[in-house]
Amino acid sequence: MSRILIIGAGLSGATLAERFANRGDSVLVIDKRIHLAGNCYDHLDRGTGIRVSNYGAHLFHTNSQEVWNFLQTFSKWQNYEHQVLVKVKNQLLNLPINLNTVNQFFRLKLKNAEEMRSFLAKKTKKLKDVSSSEDYVLSQVGQELYEAIFQNYSLKQWALDPSELDSAVIKRNPLRFDADNRYFTDRYQALPVDGFENLVKKMLTHQNIELKLKTDFFKFRAQNDLSQFDQVFYTGAIDQYFDYAYGHLEYRSLDFHFEEHDLEFYQSNSAINYPSLNYPFTRIIEYKYFYPPAKPIAKTIISKEYPTWDGEPYYPVPRERNHLLMKKYLSEAKKLQAQGIYFVGRLGTYRYLNMDQAIAEALKLFERVK
């Protein structure tokens, strides 16, 4: 029996904990927060009965049969296919950009992919080097849609112009040449019936797992010898682990402003983006759409998202400065593998990971080191 220490009770940590515990190992999971599930944490609002995500919308989608099969053990799932609208002046356009978006924005009646490609070819720039988000959007849809949907949204979300951001940021929302309005096209799109907090709770319900919340890793490390553990898995910010030896990596955070309204619905969709600088927030999420109540109620809860440099680290900032720093931290992290210390998850690897990617990587790591 090995002794395993896992720092972080989010999806990456919970996946590793469950796998090691099932193998018969002794697992200690610590987390500085007062709750499970990391940024996926949700709860039922007492006054309305609406399930609210404390850290923004979390929507599960995957093409991985392995990940989907793994999660079936811990929850029943309900189908949910997400759609996103973006408010441009007085219009609500579909996002990612598709045939419907182009028709709406330019007031056209294009019928198919061929017509859409032909139209956009007249709008776009042929660029030799497509390295930034700005380059990518201009080469795909042209100046008008770039300015209407992407430019100012990026300024608000990242506090950076799209010309300063890697093209990978925008490529998360690929251009589509059909009329499919779904935000994701994955084979499996669903939500755990009792929420993500209960999903993670079930994952960590094993006699071989000890859980300690409200436990700061750095205080724990100062008071405990990590060598007592055979393996250590750290899901926190990698630069903090090394006491910012090479400098701080940049993370964007979000300040959530929750509002309750005496309305059946506040807006026409679960998520509406606001790229205009006239709005200080980037989007409004209405939670009732994710878990509709059994009976109609004249109450709803929304959150407005205000990007900030302060608060919990959510989004690694993908630009050259951070790539160079991360190479140095990865070099240090690789040295620690000989001691059985591994860095996992979005913060541990400084990458934007979807939920299924975080689980898949944790499963892969377990198989590699078990």
# chains A, B, ... in the order shown; residues from 1 in each chain; ligands from 1

$ select_by_dssp --residues "segment 156-222 of chain A" --states "strand (DSSP E)" --output "PyMOL selection string"
chain A and resi 188-192+209-212

$ residues_around --residues "segment 210-225 of chain A" --least-positions-apart "3" --cutoff "9 Å" --atoms "only C-alpha atoms" --output "ChimeraX atom specification"
/A:7-9,26-36,204,206-207,228-229,241

$ atom_distance --atom1 "atom CA of Asp262 of chain A" --atom2 "atom CA of Val86 of chain A"
24.1 Å

$ residues_around --residues "segment 141-145 of chain A" --least-positions-apart "5" --cutoff "8 Å" --atoms "only C-alpha atoms" --output "ChimeraX atom specification"
/A:120,123-125,150

$ write_last_selection --atoms "N, CA and C atoms" --output "PDB file, in the first residue's frame"
ATOM      1  N   LEU A 120     -17.219  35.108 -47.365  1.00  0.00           N
ATOM      2  CA  LEU A 120     -16.163  35.483 -46.425  1.00  0.00           C
ATOM      3  C   LEU A 120     -14.820  35.671 -47.117  1.00  0.00           C
ATOM      4  N   LYS A 123     -14.113  39.126 -47.599  1.00  0.00           N
ATOM      5  CA  LYS A 123     -13.971  39.922 -46.368  1.00  0.00           C
ATOM      6  C   LYS A 123     -12.621  39.716 -45.679  1.00  0.00           C
ATOM      7  N   THR A 124     -11.994  38.585 -45.912  1.00  0.00           N
ATOM      8  CA  THR A 124     -10.823  38.193 -45.126  1.00  0.00           C
ATOM      9  C   THR A 124      -9.515  38.641 -45.755  1.00  0.00           C
ATOM     10  N   LYS A 125      -8.468  38.599 -44.911  1.00  0.00           N
ATOM     11  CA  LYS A 125      -7.125  38.937 -45.353  1.00  0.00           C
ATOM     12  C   LYS A 125      -6.304  37.657 -45.484  1.00  0.00           C
ATOM     13  N   PHE A 150     -15.111  40.302 -31.403  1.00  0.00           N
ATOM     14  CA  PHE A 150     -13.908  39.813 -30.738  1.00  0.00           C
ATOM     15  C   PHE A 150     -13.014  40.877 -30.104  1.00  0.00           C
TER      16      PHE A 150
END

$ residues_around --residues "segment 92-105 of chain A" --least-positions-apart "4" --cutoff "7 Å" --atoms "only C-alpha atoms" --output "list of chain:residue names"
A:Val84, A:Leu85, A:Val86, A:Lys87, A:Val88, A:Lys109, A:Leu110, A:Met116, A:Asn173, A:Pro174, A:Leu175, A:Arg176, A:Phe177, A:Asp178, A:Ala179, A:Asn181, A:Tyr183

$ residues_around --residues "Arg19 of chain A" --least-positions-apart "5" --cutoff "10 Å" --atoms "only C-alpha atoms" --output "count of residues only"
11

$ atom_distance --atom1 "atom CA of Leu365 of chain A" --atom2 "atom CA of Thr15 of chain A"
10.3 Å

$ atom_distance --atom1 "atom CA of Thr235 of chain A" --atom2 "atom CA of Tyr41 of chain A"
15.9 Å

$ closest_residue --among "A:Asp255, A:Glu147, A:Glu197, A:Glu114" --to "Pro280 of chain A" --atoms "only C-alpha atoms"
A:Asp255

$ residues_around --residues "Tyr246 of chain A" --least-positions-apart "4" --cutoff "8 Å" --atoms "only C-alpha atoms" --output "mmCIF file with all heavy atoms, in the first residue's frame"
data_model
loop_
_atom_site.group_PDB
_atom_site.id
_atom_site.type_symbol
_atom_site.label_atom_id
_atom_site.label_comp_id
_atom_site.auth_asym_id
_atom_site.auth_seq_id
_atom_site.Cartn_x
_atom_site.Cartn_y
_atom_site.Cartn_z
ATOM 1 N N ASP A 239 3.686 28.276 -10.314
ATOM 2 C CA ASP A 239 4.661 29.295 -9.922
ATOM 3 C C ASP A 239 4.671 29.502 -8.410
ATOM 4 O O ASP A 239 5.715 29.755 -7.806
ATOM 5 C CB ASP A 239 4.417 30.615 -10.660
ATOM 6 C CG ASP A 239 3.003 31.145 -10.540
ATOM 7 O OD1 ASP A 239 2.096 30.387 -10.110
ATOM 8 O OD2 ASP A 239 2.780 32.320 -10.883
ATOM 9 N N LEU A 325 8.354 31.933 -19.190
ATOM 10 C CA LEU A 325 8.408 31.634 -17.755
ATOM 11 C C LEU A 325 8.046 30.177 -17.479
ATOM 12 O O LEU A 325 8.682 29.494 -16.677
ATOM 13 C CB LEU A 325 7.439 32.545 -16.984
ATOM 14 C CG LEU A 325 7.917 33.917 -16.542
ATOM 15 C CD1 LEU A 325 6.842 34.578 -15.688
ATOM 16 C CD2 LEU A 325 9.214 33.835 -15.763
ATOM 17 N N LYS A 328 10.669 27.494 -17.760
ATOM 18 C CA LYS A 328 11.572 27.407 -16.606
ATOM 19 C C LYS A 328 10.922 26.607 -15.471
ATOM 20 O O LYS A 328 11.572 25.765 -14.841
ATOM 21 C CB LYS A 328 11.939 28.810 -16.125
ATOM 22 C CG LYS A 328 12.720 29.622 -17.155
ATOM 23 C CD LYS A 328 13.005 31.029 -16.659
ATOM 24 C CE LYS A 328 13.762 31.849 -17.706
ATOM 25 N NZ LYS A 328 14.031 33.224 -17.241
ATOM 26 N N TYR A 329 9.641 26.868 -15.225
ATOM 27 C CA TYR A 329 8.955 26.137 -14.159
ATOM 28 C C TYR A 329 8.785 24.651 -14.514
ATOM 29 O O TYR A 329 8.900 23.782 -13.653
ATOM 30 C CB TYR A 329 7.594 26.781 -13.865
ATOM 31 C CG TYR A 329 7.712 28.064 -13.071
ATOM 32 C CD1 TYR A 329 7.220 29.265 -13.572
ATOM 33 C CD2 TYR A 329 8.321 28.072 -11.820
ATOM 34 C CE1 TYR A 329 7.338 30.451 -12.852
ATOM 35 C CE2 TYR A 329 8.442 29.263 -11.093
ATOM 36 C CZ TYR A 329 7.954 30.433 -11.616
ATOM 37 O OH TYR A 329 8.086 31.604 -10.898
#

$ closest_residue --among "A:Thr308, A:Ser276, A:Thr48, A:Ser131" --to "Leu263 of chain A" --atoms "only C-alpha atoms"
A:Thr48

$ residues_around --residues "Asp230 of chain A" --least-positions-apart "4" --cutoff "7 Å" --atoms "only C-alpha atoms" --output "list in words"
Ser2, Arg3, Ile4 and Gly340 of chain A

$ select_by_dssp --residues "segment 120-333 of chain A" --states "alpha helix (DSSP H)" --output "CSV table (one decimal) with N, CA, C and O atoms, in the first residue's frame"
chain,number,residue,atom,x,y,z
A,120,LEU,N,-17.2,35.1,-47.4
A,120,LEU,CA,-16.2,35.5,-46.4
A,120,LEU,C,-14.8,35.7,-47.1
A,120,LEU,O,-14.0,36.4,-46.6
A,121,ALA,N,-14.6,35.0,-48.2
A,121,ALA,CA,-13.4,35.2,-49.0
A,121,ALA,C,-13.1,36.6,-49.4
A,121,ALA,O,-12.0,37.1,-49.5
A,133,SER,N,-4.3,36.1,-32.0
A,133,SER,CA,-5.8,36.0,-32.2
A,133,SER,C,-6.3,36.9,-33.2
A,133,SER,O,-7.3,36.6,-33.9
A,134,GLU,N,-5.8,38.1,-33.3
A,134,GLU,CA,-6.2,39.1,-34.3
A,134,GLU,C,-6.0,38.6,-35.7
A,134,GLU,O,-6.9,38.6,-36.5
A,135,ASP,N,-4.8,38.0,-35.9
A,135,ASP,CA,-4.5,37.5,-37.2
A,135,ASP,C,-5.5,36.4,-37.6
A,135,ASP,O,-6.0,36.4,-38.7
A,136,TYR,N,-5.7,35.5,-36.7
A,136,TYR,CA,-6.6,34.4,-36.9
A,136,TYR,C,-8.0,34.8,-37.3
A,136,TYR,O,-8.6,34.4,-38.3
A,137,VAL,N,-8.6,35.7,-36.5
A,137,VAL,CA,-10.0,36.2,-36.8
A,137,VAL,C,-10.0,36.9,-38.2
A,137,VAL,O,-10.9,36.7,-39.0
A,138,LEU,N,-9.1,37.8,-38.4
A,138,LEU,CA,-9.1,38.6,-39.7
A,138,LEU,C,-8.9,37.6,-40.9
A,138,LEU,O,-9.6,37.9,-41.9
A,139,SER,N,-8.2,36.6,-40.7
A,139,SER,CA,-8.0,35.6,-41.8
A,139,SER,C,-9.2,34.7,-42.0
A,139,SER,O,-9.3,34.1,-43.0
A,140,GLN,N,-10.0,34.6,-41.0
A,140,GLN,CA,-11.2,33.7,-41.0
A,140,GLN,C,-12.5,34.4,-41.4
A,140,GLN,O,-13.3,33.9,-42.2
A,143,GLN,N,-12.6,42.0,-41.0
A,143,GLN,CA,-12.5,43.1,-40.1
A,143,GLN,C,-13.9,43.4,-39.4
A,143,GLN,O,-13.9,43.7,-38.2
A,144,GLU,N,-15.0,43.3,-40.1
A,144,GLU,CA,-16.2,43.8,-39.5
A,144,GLU,C,-16.7,42.9,-38.3
A,144,GLU,O,-17.0,43.4,-37.2
A,145,LEU,N,-16.7,41.6,-38.5
A,145,LEU,CA,-17.0,40.6,-37.4
A,145,LEU,C,-16.0,40.7,-36.3
A,145,LEU,O,-16.3,40.5,-35.2
A,152,ASN,N,-13.1,44.0,-28.7
A,152,ASN,CA,-13.4,44.6,-27.4
A,152,ASN,C,-13.7,43.6,-26.3
A,152,ASN,O,-13.3,43.8,-25.1
A,153,TYR,N,-14.2,42.4,-26.7
A,153,TYR,CA,-14.4,41.4,-25.7
A,153,TYR,C,-13.1,40.9,-25.2
A,153,TYR,O,-12.9,40.7,-24.0
A,154,SER,N,-12.1,40.8,-26.1
A,154,SER,CA,-10.8,40.4,-25.7
A,154,SER,C,-10.1,41.4,-24.8
A,154,SER,O,-9.5,41.1,-23.8
A,155,LEU,N,-10.3,42.7,-25.1
A,155,LEU,CA,-9.8,43.7,-24.3
A,155,LEU,C,-10.3,43.6,-22.8
A,155,LEU,O,-9.6,43.8,-21.9
A,156,LYS,N,-11.6,43.3,-22.7
A,156,LYS,CA,-12.2,43.2,-21.4
A,156,LYS,C,-11.8,41.9,-20.7
A,156,LYS,O,-11.4,41.9,-19.5
A,157,GLN,N,-11.8,40.8,-21.4
A,157,GLN,CA,-11.6,39.5,-20.8
A,157,GLN,C,-10.1,39.4,-20.4
A,157,GLN,O,-9.8,38.9,-19.3
A,158,TRP,N,-9.2,39.8,-21.2
A,158,TRP,CA,-7.7,39.6,-21.0
A,158,TRP,C,-7.0,40.9,-20.7
A,158,TRP,O,-5.8,40.8,-20.3
A,168,ALA,N,-4.4,30.5,-30.3
A,168,ALA,CA,-5.1,29.4,-29.6
A,168,ALA,C,-6.3,29.8,-28.8
A,168,ALA,O,-7.3,29.1,-28.6
A,169,VAL,N,-6.3,31.1,-28.3
A,169,VAL,CA,-7.4,31.6,-27.6
A,169,VAL,C,-8.7,31.6,-28.4
A,169,VAL,O,-9.8,31.1,-28.0
A,170,ILE,N,-8.6,32.1,-29.6
A,170,ILE,CA,-9.8,32.2,-30.5
A,170,ILE,C,-10.1,30.9,-31.1
A,170,ILE,O,-11.3,30.6,-31.4
A,171,LYS,N,-9.1,30.1,-31.3
A,171,LYS,CA,-9.4,28.8,-32.0
A,171,LYS,C,-10.2,27.8,-31.1
A,171,LYS,O,-10.7,26.8,-31.6
A,195,GLY,N,-25.6,17.9,-9.6
A,195,GLY,CA,-24.6,19.0,-9.6
A,195,GLY,C,-23.1,18.4,-9.5
A,195,GLY,O,-22.9,17.2,-9.2
A,196,PHE,N,-22.2,19.3,-9.8
A,196,PHE,CA,-20.8,18.9,-9.8
A,196,PHE,C,-20.2,18.7,-8.4
A,196,PHE,O,-19.3,17.8,-8.2
A,197,GLU,N,-20.7,19.4,-7.4
A,197,GLU,CA,-20.2,19.2,-6.0
A,197,GLU,C,-20.5,17.8,-5.6
A,197,GLU,O,-19.7,17.1,-5.0
A,198,ASN,N,-21.7,17.3,-5.9
A,198,ASN,CA,-22.1,16.0,-5.5
A,198,ASN,C,-21.4,14.9,-6.3
A,198,ASN,O,-21.1,13.8,-5.8
A,199,LEU,N,-21.1,15.2,-7.5
A,199,LEU,CA,-20.3,14.3,-8.4
A,199,LEU,C,-18.9,14.1,-7.7
A,199,LEU,O,-18.5,12.9,-7.5
A,200,VAL,N,-18.2,15.2,-7.4
A,200,VAL,CA,-16.9,15.1,-6.8
A,200,VAL,C,-17.0,14.4,-5.4
A,200,VAL,O,-16.1,13.6,-5.0
A,201,LYS,N,-18.0,14.7,-4.6
A,201,LYS,CA,-18.2,14.1,-3.3
A,201,LYS,C,-18.3,12.6,-3.4
A,201,LYS,O,-17.7,11.8,-2.6
A,202,LYS,N,-19.0,12.1,-4.5
A,202,LYS,CA,-19.1,10.7,-4.7
A,202,LYS,C,-17.8,10.1,-5.1
A,202,LYS,O,-17.4,9.0,-4.7
A,203,MET,N,-17.0,10.8,-5.9
A,203,MET,CA,-15.7,10.3,-6.3
A,203,MET,C,-14.7,10.2,-5.1
A,203,MET,O,-13.9,9.3,-5.1
A,217,PHE,N,-1.9,24.2,1.6
A,217,PHE,CA,-0.7,23.3,1.3
A,217,PHE,C,0.6,23.8,1.8
A,217,PHE,O,1.4,23.1,2.3
A,218,PHE,N,0.8,25.1,1.7
A,218,PHE,CA,2.1,25.7,2.0
A,218,PHE,C,2.4,25.7,3.5
A,218,PHE,O,3.5,25.4,4.0
A,219,LYS,N,1.3,25.9,4.3
A,219,LYS,CA,1.4,25.7,5.8
A,219,LYS,C,1.6,24.2,6.1
A,219,LYS,O,2.4,23.8,7.0
A,220,PHE,N,0.9,23.3,5.4
A,220,PHE,CA,1.0,21.9,5.5
A,220,PHE,C,2.4,21.4,5.2
A,220,PHE,O,3.0,20.6,6.0
A,221,ARG,N,3.0,21.9,4.1
A,221,ARG,CA,4.4,21.6,3.8
A,221,ARG,C,5.4,22.0,4.8
A,221,ARG,O,6.4,21.3,5.0
A,222,ALA,N,5.1,23.2,5.4
A,222,ALA,CA,6.1,23.7,6.4
A,222,ALA,C,6.1,22.8,7.7
A,222,ALA,O,7.1,22.8,8.4
A,223,GLN,N,4.9,22.2,7.9
A,223,GLN,CA,4.8,21.4,9.2
A,223,GLN,C,4.9,19.9,9.0
A,223,GLN,O,5.0,19.2,10.0
A,238,ILE,N,1.5,26.5,-10.4
A,238,ILE,CA,2.9,26.0,-10.4
A,238,ILE,C,3.9,27.0,-10.0
A,238,ILE,O,4.9,26.7,-9.3
A,239,ASP,N,3.7,28.3,-10.3
A,239,ASP,CA,4.7,29.3,-9.9
A,239,ASP,C,4.7,29.5,-8.4
A,239,ASP,O,5.7,29.8,-7.8
A,240,GLN,N,3.5,29.3,-7.8
A,240,GLN,CA,3.4,29.5,-6.3
A,240,GLN,C,4.2,28.3,-5.6
A,240,GLN,O,4.8,28.6,-4.6
A,241,TYR,N,4.1,27.1,-6.2
A,241,TYR,CA,4.8,26.0,-5.6
A,241,TYR,C,6.3,26.3,-5.5
A,241,TYR,O,6.9,25.9,-4.5
A,320,GLU,N,3.6,35.3,-25.1
A,320,GLU,CA,5.0,34.9,-25.1
A,320,GLU,C,5.6,35.0,-23.7
A,320,GLU,O,6.4,34.1,-23.3
A,321,ARG,N,5.4,36.1,-23.0
A,321,ARG,CA,6.0,36.3,-21.7
A,321,ARG,C,5.8,35.1,-20.8
A,321,ARG,O,6.7,34.6,-20.1
A,322,ASN,N,4.6,34.6,-20.8
A,322,ASN,CA,4.2,33.5,-19.9
A,322,ASN,C,4.8,32.1,-20.4
A,322,ASN,O,5.1,31.3,-19.6
A,323,HIS,N,4.8,32.0,-21.7
A,323,HIS,CA,5.4,30.8,-22.3
A,323,HIS,C,6.8,30.6,-21.9
A,323,HIS,O,7.3,29.5,-21.5
A,324,LEU,N,7.6,31.7,-21.9
A,324,LEU,CA,9.0,31.6,-21.5
A,324,LEU,C,9.2,31.3,-20.0
A,324,LEU,O,10.0,30.5,-19.6
A,325,LEU,N,8.4,31.9,-19.2
A,325,LEU,CA,8.4,31.6,-17.8
A,325,LEU,C,8.0,30.2,-17.5
A,325,LEU,O,8.7,29.5,-16.7
A,326,MET,N,7.0,29.7,-18.2
A,326,MET,CA,6.5,28.4,-17.9
A,326,MET,C,7.6,27.3,-18.3
A,326,MET,O,7.6,26.3,-17.6
A,327,LYS,N,8.4,27.6,-19.3
A,327,LYS,CA,9.4,26.6,-19.6
A,327,LYS,C,10.4,26.4,-18.5
A,327,LYS,O,10.8,25.3,-18.2
A,328,LYS,N,10.7,27.5,-17.8
A,328,LYS,CA,11.6,27.4,-16.6
A,328,LYS,C,10.9,26.6,-15.5
A,328,LYS,O,11.6,25.8,-14.8
A,329,TYR,N,9.6,26.9,-15.2
A,329,TYR,CA,9.0,26.1,-14.2
A,329,TYR,C,8.8,24.7,-14.5
A,329,TYR,O,8.9,23.8,-13.7
A,330,LEU,N,8.5,24.4,-15.8
A,330,LEU,CA,8.4,23.0,-16.2
A,330,LEU,C,9.7,22.2,-16.0
A,330,LEU,O,9.7,21.0,-15.7
A,331,SER,N,10.8,22.9,-16.3
A,331,SER,CA,12.1,22.3,-16.1
A,331,SER,C,12.3,21.9,-14.6
A,331,SER,O,12.8,20.8,-14.3
A,332,GLU,N,11.9,22.8,-13.7
A,332,GLU,CA,12.0,22.5,-12.3
A,332,GLU,C,11.0,21.3,-11.9
A,332,GLU,O,11.4,20.5,-11.1
A,333,ALA,N,9.8,21.4,-12.5
A,333,ALA,CA,8.8,20.3,-12.1
A,333,ALA,C,9.3,19.0,-12.6
A,333,ALA,O,9.1,18.0,-11.9

$ closest_residue --among "A:Lys288, A:Lys76, A:His248, A:Lys122" --to "Val317 of chain A" --atoms "only C-alpha atoms"
A:His248

$ decode --residues "segment 222-238 of chain A" --atoms "N, CA, C and O atoms" --output "compact mmCIF listing (two decimals), in the first residue's frame"
# COMPACT_ATOMS: atom_id res chain seq x y z
N ALA A 222 5.14 23.18 5.39
CA ALA A 222 6.08 23.69 6.39
C ALA A 222 6.06 22.84 7.66
O ALA A 222 7.06 22.79 8.40
N GLN A 223 4.93 22.17 7.91
CA GLN A 223 4.78 21.40 9.15
C GLN A 223 4.92 19.90 8.97
O GLN A 223 4.95 19.15 9.95
N ASN A 224 5.00 19.45 7.70
CA ASN A 224 5.05 18.02 7.42
C ASN A 224 6.15 17.69 6.41
O ASN A 224 6.41 18.47 5.49
N ASP A 225 6.76 16.54 6.59
CA ASP A 225 7.78 16.07 5.66
C ASP A 225 7.09 15.36 4.50
O ASP A 225 6.46 14.31 4.68
N LEU A 226 7.19 15.92 3.29
CA LEU A 226 6.52 15.33 2.14
C LEU A 226 7.08 13.97 1.77
O LEU A 226 6.43 13.19 1.06
N SER A 227 8.28 13.67 2.24
CA SER A 227 8.89 12.38 1.91
C SER A 227 8.17 11.20 2.57
O SER A 227 8.42 10.04 2.21
N GLN A 228 7.26 11.50 3.51
CA GLN A 228 6.46 10.42 4.11
C GLN A 228 5.45 9.86 3.11
O GLN A 228 4.89 8.79 3.32
N PHE A 229 5.24 10.59 2.00
CA PHE A 229 4.31 10.14 0.97
C PHE A 229 5.10 9.56 -0.20
O PHE A 229 6.14 10.09 -0.61
N ASP A 230 4.58 8.47 -0.74
CA ASP A 230 5.25 7.85 -1.88
C ASP A 230 5.10 8.69 -3.15
O ASP A 230 6.01 8.74 -3.97
N GLN A 231 3.94 9.33 -3.27
CA GLN A 231 3.72 10.19 -4.43
C GLN A 231 2.88 11.40 -4.01
O GLN A 231 1.99 11.28 -3.16
N VAL A 232 3.17 12.54 -4.64
CA VAL A 232 2.48 13.79 -4.35
C VAL A 232 1.98 14.37 -5.67
O VAL A 232 2.75 14.46 -6.65
N PHE A 233 0.71 14.78 -5.69
CA PHE A 233 0.11 15.36 -6.90
C PHE A 233 -0.42 16.75 -6.55
O PHE A 233 -1.32 16.89 -5.71
N TYR A 234 0.13 17.75 -7.20
CA TYR A 234 -0.16 19.14 -6.87
C TYR A 234 -0.97 19.78 -8.00
O TYR A 234 -0.53 19.79 -9.16
N THR A 235 -2.17 20.29 -7.69
CA THR A 235 -3.04 20.88 -8.71
C THR A 235 -3.15 22.40 -8.57
O THR A 235 -3.97 23.02 -9.25
N GLY A 236 -2.34 23.00 -7.70
CA GLY A 236 -2.37 24.45 -7.54
C GLY A 236 -1.52 25.15 -8.59
O GLY A 236 -1.02 24.53 -9.54
N ALA A 237 -1.32 26.45 -8.40
CA ALA A 237 -0.54 27.25 -9.35
C ALA A 237 0.93 26.86 -9.26
O ALA A 237 1.53 26.90 -8.18
N ILE A 238 1.51 26.49 -10.40
CA ILE A 238 2.87 25.96 -10.42
C ILE A 238 3.89 27.01 -9.98
O ILE A 238 4.88 26.69 -9.31
